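With CSV, C-alpha atoms and all ligand atoms inside, this is structure_37.csv:
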chain,number,residue,atom,x,y,z
A,248,MET,CA,59.9,43.5,37.5
A,249,ARG,CA,63.3,44.4,36.2
A,250,ASP,CA,64.2,47.6,34.3
A,251,SER,CA,65.5,45.6,31.3
A,252,ALA,CA,66.0,42.0,30.3
A,253,ALA,CA,68.9,40.6,28.3
A,254,GLY,CA,67.8,39.5,24.9
A,255,CYS,CA,64.5,41.4,25.0
A,256,GLY,CA,63.9,43.2,21.6
A,257,ILE,CA,61.8,45.9,23.2
A,258,CYS,CA,64.3,46.6,26.0
A,259,GLY,CA,66.9,47.0,23.2
A,260,LEU,CA,64.6,49.4,21.4
A,261,ILE,CA,64.1,51.4,24.6
A,262,GLU,CA,67.9,51.6,25.0
A,263,ARG,CA,68.1,53.1,21.5
A,264,ILE,CA,65.3,55.6,22.4
A,265,ARG,CA,67.1,56.6,25.7
A,266,THR,CA,70.4,57.2,23.8
A,267,GLY,CA,68.6,59.3,21.1
A,268,SER,CA,69.3,56.9,18.3
A,269,PHE,CA,65.8,55.9,17.3
A,270,ALA,CA,64.3,58.1,14.6
A,271,ASP,CA,60.6,57.2,15.1
A,272,PHE,CA,60.5,58.3,18.7
A,273,VAL,CA,57.3,60.4,19.4
A,274,ALA,CA,57.1,61.1,23.2
A,275,GLU,CA,58.1,60.0,26.6
A,276,LEU,CA,55.2,59.6,29.1
A,277,ASP,CA,55.4,58.6,32.7
A,278,LEU,CA,55.0,54.8,32.0
A,279,HIS,CA,55.6,54.5,28.3
A,280,TYR,CA,57.7,55.6,25.4
A,281,VAL,CA,55.6,56.3,22.3
A,282,ILE,CA,57.0,55.5,18.8
A,283,LEU,CA,55.6,55.7,15.3
A,284,GLY,CA,55.1,52.1,14.2
A,285,GLU,CA,56.5,50.7,11.0
A,286,ALA,CA,53.1,49.7,9.6
A,287,GLN,CA,52.2,53.2,8.2
A,288,PHE,CA,49.7,51.7,5.8
A,289,TYR,CA,47.7,52.6,9.0
A,290,ARG,CA,48.8,56.2,8.9
A,291,GLY,CA,49.4,57.4,12.4
A,292,TYR,CA,49.8,54.0,14.0
A,293,CYS,CA,51.8,54.2,17.2
A,294,THR,CA,53.2,51.7,19.7
A,295,LEU,CA,53.5,52.4,23.4
A,296,LEU,CA,56.4,50.6,25.1
A,297,PHE,CA,56.2,50.1,28.8
A,298,LYS,CA,59.4,51.6,30.2
A,299,GLU,CA,60.2,48.7,32.5
A,300,HIS,CA,60.6,45.0,31.5
A,301,ALA,CA,57.1,43.8,32.7
A,302,THR,CA,55.5,41.0,30.8
A,303,GLU,CA,51.8,40.9,31.9
A,304,LEU,CA,49.3,43.7,32.5
A,305,HIS,CA,47.6,41.7,35.3
A,306,CYS,CA,50.9,41.5,37.3
A,307,LEU,CA,51.1,45.2,37.7
A,308,ALA,CA,49.7,47.1,40.6
A,309,PRO,CA,46.0,48.2,39.9
A,310,LYS,CA,47.0,51.8,40.2
A,311,THR,CA,49.7,51.3,37.6
A,312,VAL,CA,47.3,49.5,35.3
A,313,ARG,CA,44.9,52.4,35.4
A,314,ALA,CA,47.7,54.9,34.8
A,315,ALA,CA,48.9,52.8,31.9
A,316,PHE,CA,45.4,52.8,30.4
A,317,ASP,CA,45.1,56.5,30.7
A,318,GLU,CA,48.3,56.9,28.7
A,319,VAL,CA,47.0,54.4,26.0
A,320,VAL,CA,43.8,56.5,25.7
A,321,ALA,CA,45.8,59.8,25.6
A,322,VAL,CA,47.8,58.4,22.6
A,323,ALA,CA,44.6,57.2,21.0
A,324,ARG,CA,43.0,60.7,21.3
A,325,ALA,CA,46.1,62.3,19.8
A,326,ILE,CA,46.1,59.8,16.9
A,327,ALA,CA,42.3,60.4,16.4
A,328,THR,CA,42.8,64.2,16.3
A,329,VAL,CA,45.7,64.1,13.9
A,330,VAL,CA,44.6,61.5,11.3
A,331,ASN,CA,40.8,61.5,11.9
A,332,PRO,CA,40.2,57.7,11.4
A,333,LEU,CA,36.9,55.8,11.2
A,334,ARG,CA,37.9,54.0,14.4
A,335,LEU,CA,40.9,52.8,16.5
A,336,ASN,CA,42.1,49.3,17.2
A,337,TYR,CA,44.0,48.6,20.4
A,338,GLU,CA,46.2,45.5,20.9
A,339,ASN,CA,48.2,44.2,23.7
A,340,LEU,CA,49.6,40.9,22.6
A,341,GLY,CA,53.2,40.0,23.6
A,342,ASN,CA,53.3,36.7,21.8
A,343,GLN,CA,56.4,37.5,19.9
A,344,GLU,CA,57.9,40.1,22.3
A,345,PRO,CA,56.8,39.4,25.9
A,346,HIS,CA,57.5,42.9,27.1
A,347,LEU,CA,54.3,45.0,27.7
A,348,HIS,CA,53.4,47.1,24.8
A,349,TRP,CA,50.3,48.5,23.1
A,350,HIS,CA,49.5,48.9,19.4
A,351,VAL,CA,47.1,51.7,18.6
A,352,PHE,CA,46.0,51.4,15.0
A,353,PRO,CA,43.8,53.9,13.2
A,354,ARG,CA,41.4,52.3,10.7
A,355,PHE,CA,40.0,54.1,7.8
A,356,ALA,CA,36.8,53.8,5.8
A,357,GLU,CA,38.6,53.3,2.5
A,358,ASP,CA,40.5,50.2,3.7
A,359,PRO,CA,38.9,47.2,1.9
A,360,MET,CA,40.1,45.0,4.8
A,361,ARG,CA,38.7,47.3,7.5
A,362,LEU,CA,36.6,44.5,9.0
A,363,ALA,CA,39.6,42.3,9.6
A,364,PRO,CA,42.4,42.5,12.2
A,365,VAL,CA,45.4,44.5,10.9
A,366,TRP,CA,47.6,41.4,11.0
A,367,MET,CA,45.5,39.8,8.2
A,368,ARG,CA,47.0,42.3,5.8
A,369,PRO,CA,50.3,40.9,4.4
A,370,GLU,CA,53.4,42.4,6.1
A,371,SER,CA,54.6,43.7,2.8
A,372,GLU,CA,51.5,45.9,2.5
A,373,ARG,CA,51.4,46.9,6.2
A,374,LYS,CA,54.9,48.1,6.4
A,375,VAL,CA,54.6,51.4,4.5
A,376,ILE,CA,57.6,53.7,5.1
A,377,LEU,CA,56.6,57.3,4.9
A,378,GLU,CA,58.6,59.8,3.0
A,379,ASP,CA,60.9,61.5,5.5
A,380,ARG,CA,59.3,64.9,5.5
A,381,GLU,CA,55.8,63.4,5.9
A,382,ARG,CA,57.1,61.1,8.7
A,383,ARG,CA,58.6,64.1,10.5
A,384,ARG,CA,55.4,66.1,10.1
A,385,LEU,CA,53.3,63.3,11.4
A,386,ILE,CA,55.6,62.7,14.4
A,387,ASP,CA,55.6,66.5,15.2
A,388,SER,CA,51.8,66.6,15.0
A,389,LEU,CA,51.3,63.6,17.3
A,390,ARG,CA,53.9,64.9,19.8
A,391,ALA,CA,52.2,68.3,19.9
A,392,GLU,CA,48.8,66.8,20.4
A,393,LEU,CA,50.0,64.5,23.1
A,394,ALA,CA,51.8,67.4,24.9
A,395,ARG,CA,48.6,69.5,24.7
A,396,ARG,CA,46.5,66.6,26.2
A,397,LEU,CA,49.0,65.7,29.0
A,398,SER,CA,50.0,69.2,30.1
B,401,ZN,ZN,62.0,44.0,27.8
How would this structure read if it were set down as structure tokens?
Ligand SMILES: [Zn+2]
Amino acid sequence: MRDSAAGCGICGLIERIRTGSFADFVAELDLHYVILGEAQFYRGYCTLLFKEHATELHCLAPKTVRAAFDEVVAVARAIATVVNPLRLNYENLGNQEPHLHWHVFPRFAEDPMRLAPVWMRPESERKVILEDRERRRLIDSLRAELARRLS
């Protein structure tokens, strides 16, 4: 397991987070960075980026896997508290970016496609960019909720 890999998009993103040049940064946890995802059609959607360049969950030490799951659930609880969704969807895919990361999507009752996976919605509809003040408020709320849960 290397700290970063040349050509990895997520390692590149993590470098931007570490240098403070990523606007949608939410929080740094022990194993992950948390960012607000682009697909804010699902208001509150966050992604957890594993800090090291690891590609498969099953290749991590069992203790690390359990700690990683604890962080995913902590983020899920923060999202649930802040946006009060009908339910949450969790995804760990890695098909396009083979660097461990988790998508945590809140799903809402008023979504006419709520029975389908989020990826069925066209990208042009998923990728809602929040107005800057709203985005800031959402990030601040998620960060505060996470800090409260992890302190
Ligand atoms: Zn990577």
Nearest to ligand ZN 401 (chain B) among A:Thr294, A:Ser268, A:Asn331, A:Thr302, with distances taken over all atoms listed in the file: which residue is it?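 When distances to ligand ZN 401 (chain B) are compared using all atoms listed in the file, the smallest one comes from A:Thr302.
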Within-9 Å residues of ligand ZN 401 (chain B), basis only C-alpha atoms and all ligand atoms, as a VMD selection string: chain A and resid 249 to 261 297 to 302 344 to 347
Would you list the contacts of stretch 318-322 of chain A as a list in words, taking every protein, DNA or RNA residue within 9 Å and counting only C-alpha atoms, but skipping same-chain residues closer than 4 positions in sequence?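 Answer for this query is Leu276, Asp277, Leu278, His279, Val281, Cys293, Leu295, Arg313, Ala314, Ile326, Ala327, Tyr337, Trp349, His350, Val351, Leu389, Glu392, Leu393, Arg396 and Leu397 of chain A.
Minimum distance to A:Leu340 across A:Glu262, A:Asp358, A:Glu372, A:Glu303 (counting all atoms listed in the file) occurs at A:Glu303.
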Smallest atom-to-atom distance to A:Arg390: which of A:Phe288, A:Tyr280, A:Trp366, A:Phe352, using only C-alpha atoms?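 Closest to A:Arg390, using only C-alpha atoms: A:Tyr280.
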For atom CA of A:Ile386 and atom CA of A:Val273, determine how far apart the two atoms are, in Å to one decimal place.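 About the pair atom CA of A:Ile386 and atom CA of A:Val273: they are 5.8 Å apart.
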Looking at all atoms listed in the file, which of A:Asp271, A:Glu338, A:Asp387, A:Glu378 is the one that sits closest to A:Glu285? A:Asp271
Closest to A:Ala356 among A:Arg265, A:Arg368, A:Arg334, A:His305, using all atoms listed in the file?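 When distances to A:Ala356 are compared using all atoms listed in the file, the smallest one comes from A:Arg334.
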Expressed in Å, the length from atom CA of A:Thr266 to atom CA of A:Arg324 is 27.7 Å
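Counting from atom CA of A:Glu370, the distance to atom CA of A:Ala286 is 8.1 Å.
Taking all atoms listed in the file into account, A:Pro364 lies nearest to A:Asn336 out of the set A:Gln287, A:Asn336, A:Ala325, A:Ala315.
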Long-range neighbours of A:Leu333 as a list in words, 8 Å cut-off, all atoms listed in the file, 3 positions minimum in chain: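 What passes the distance filter is Pro353, Arg354, Phe355 and Ala356 of chain A.
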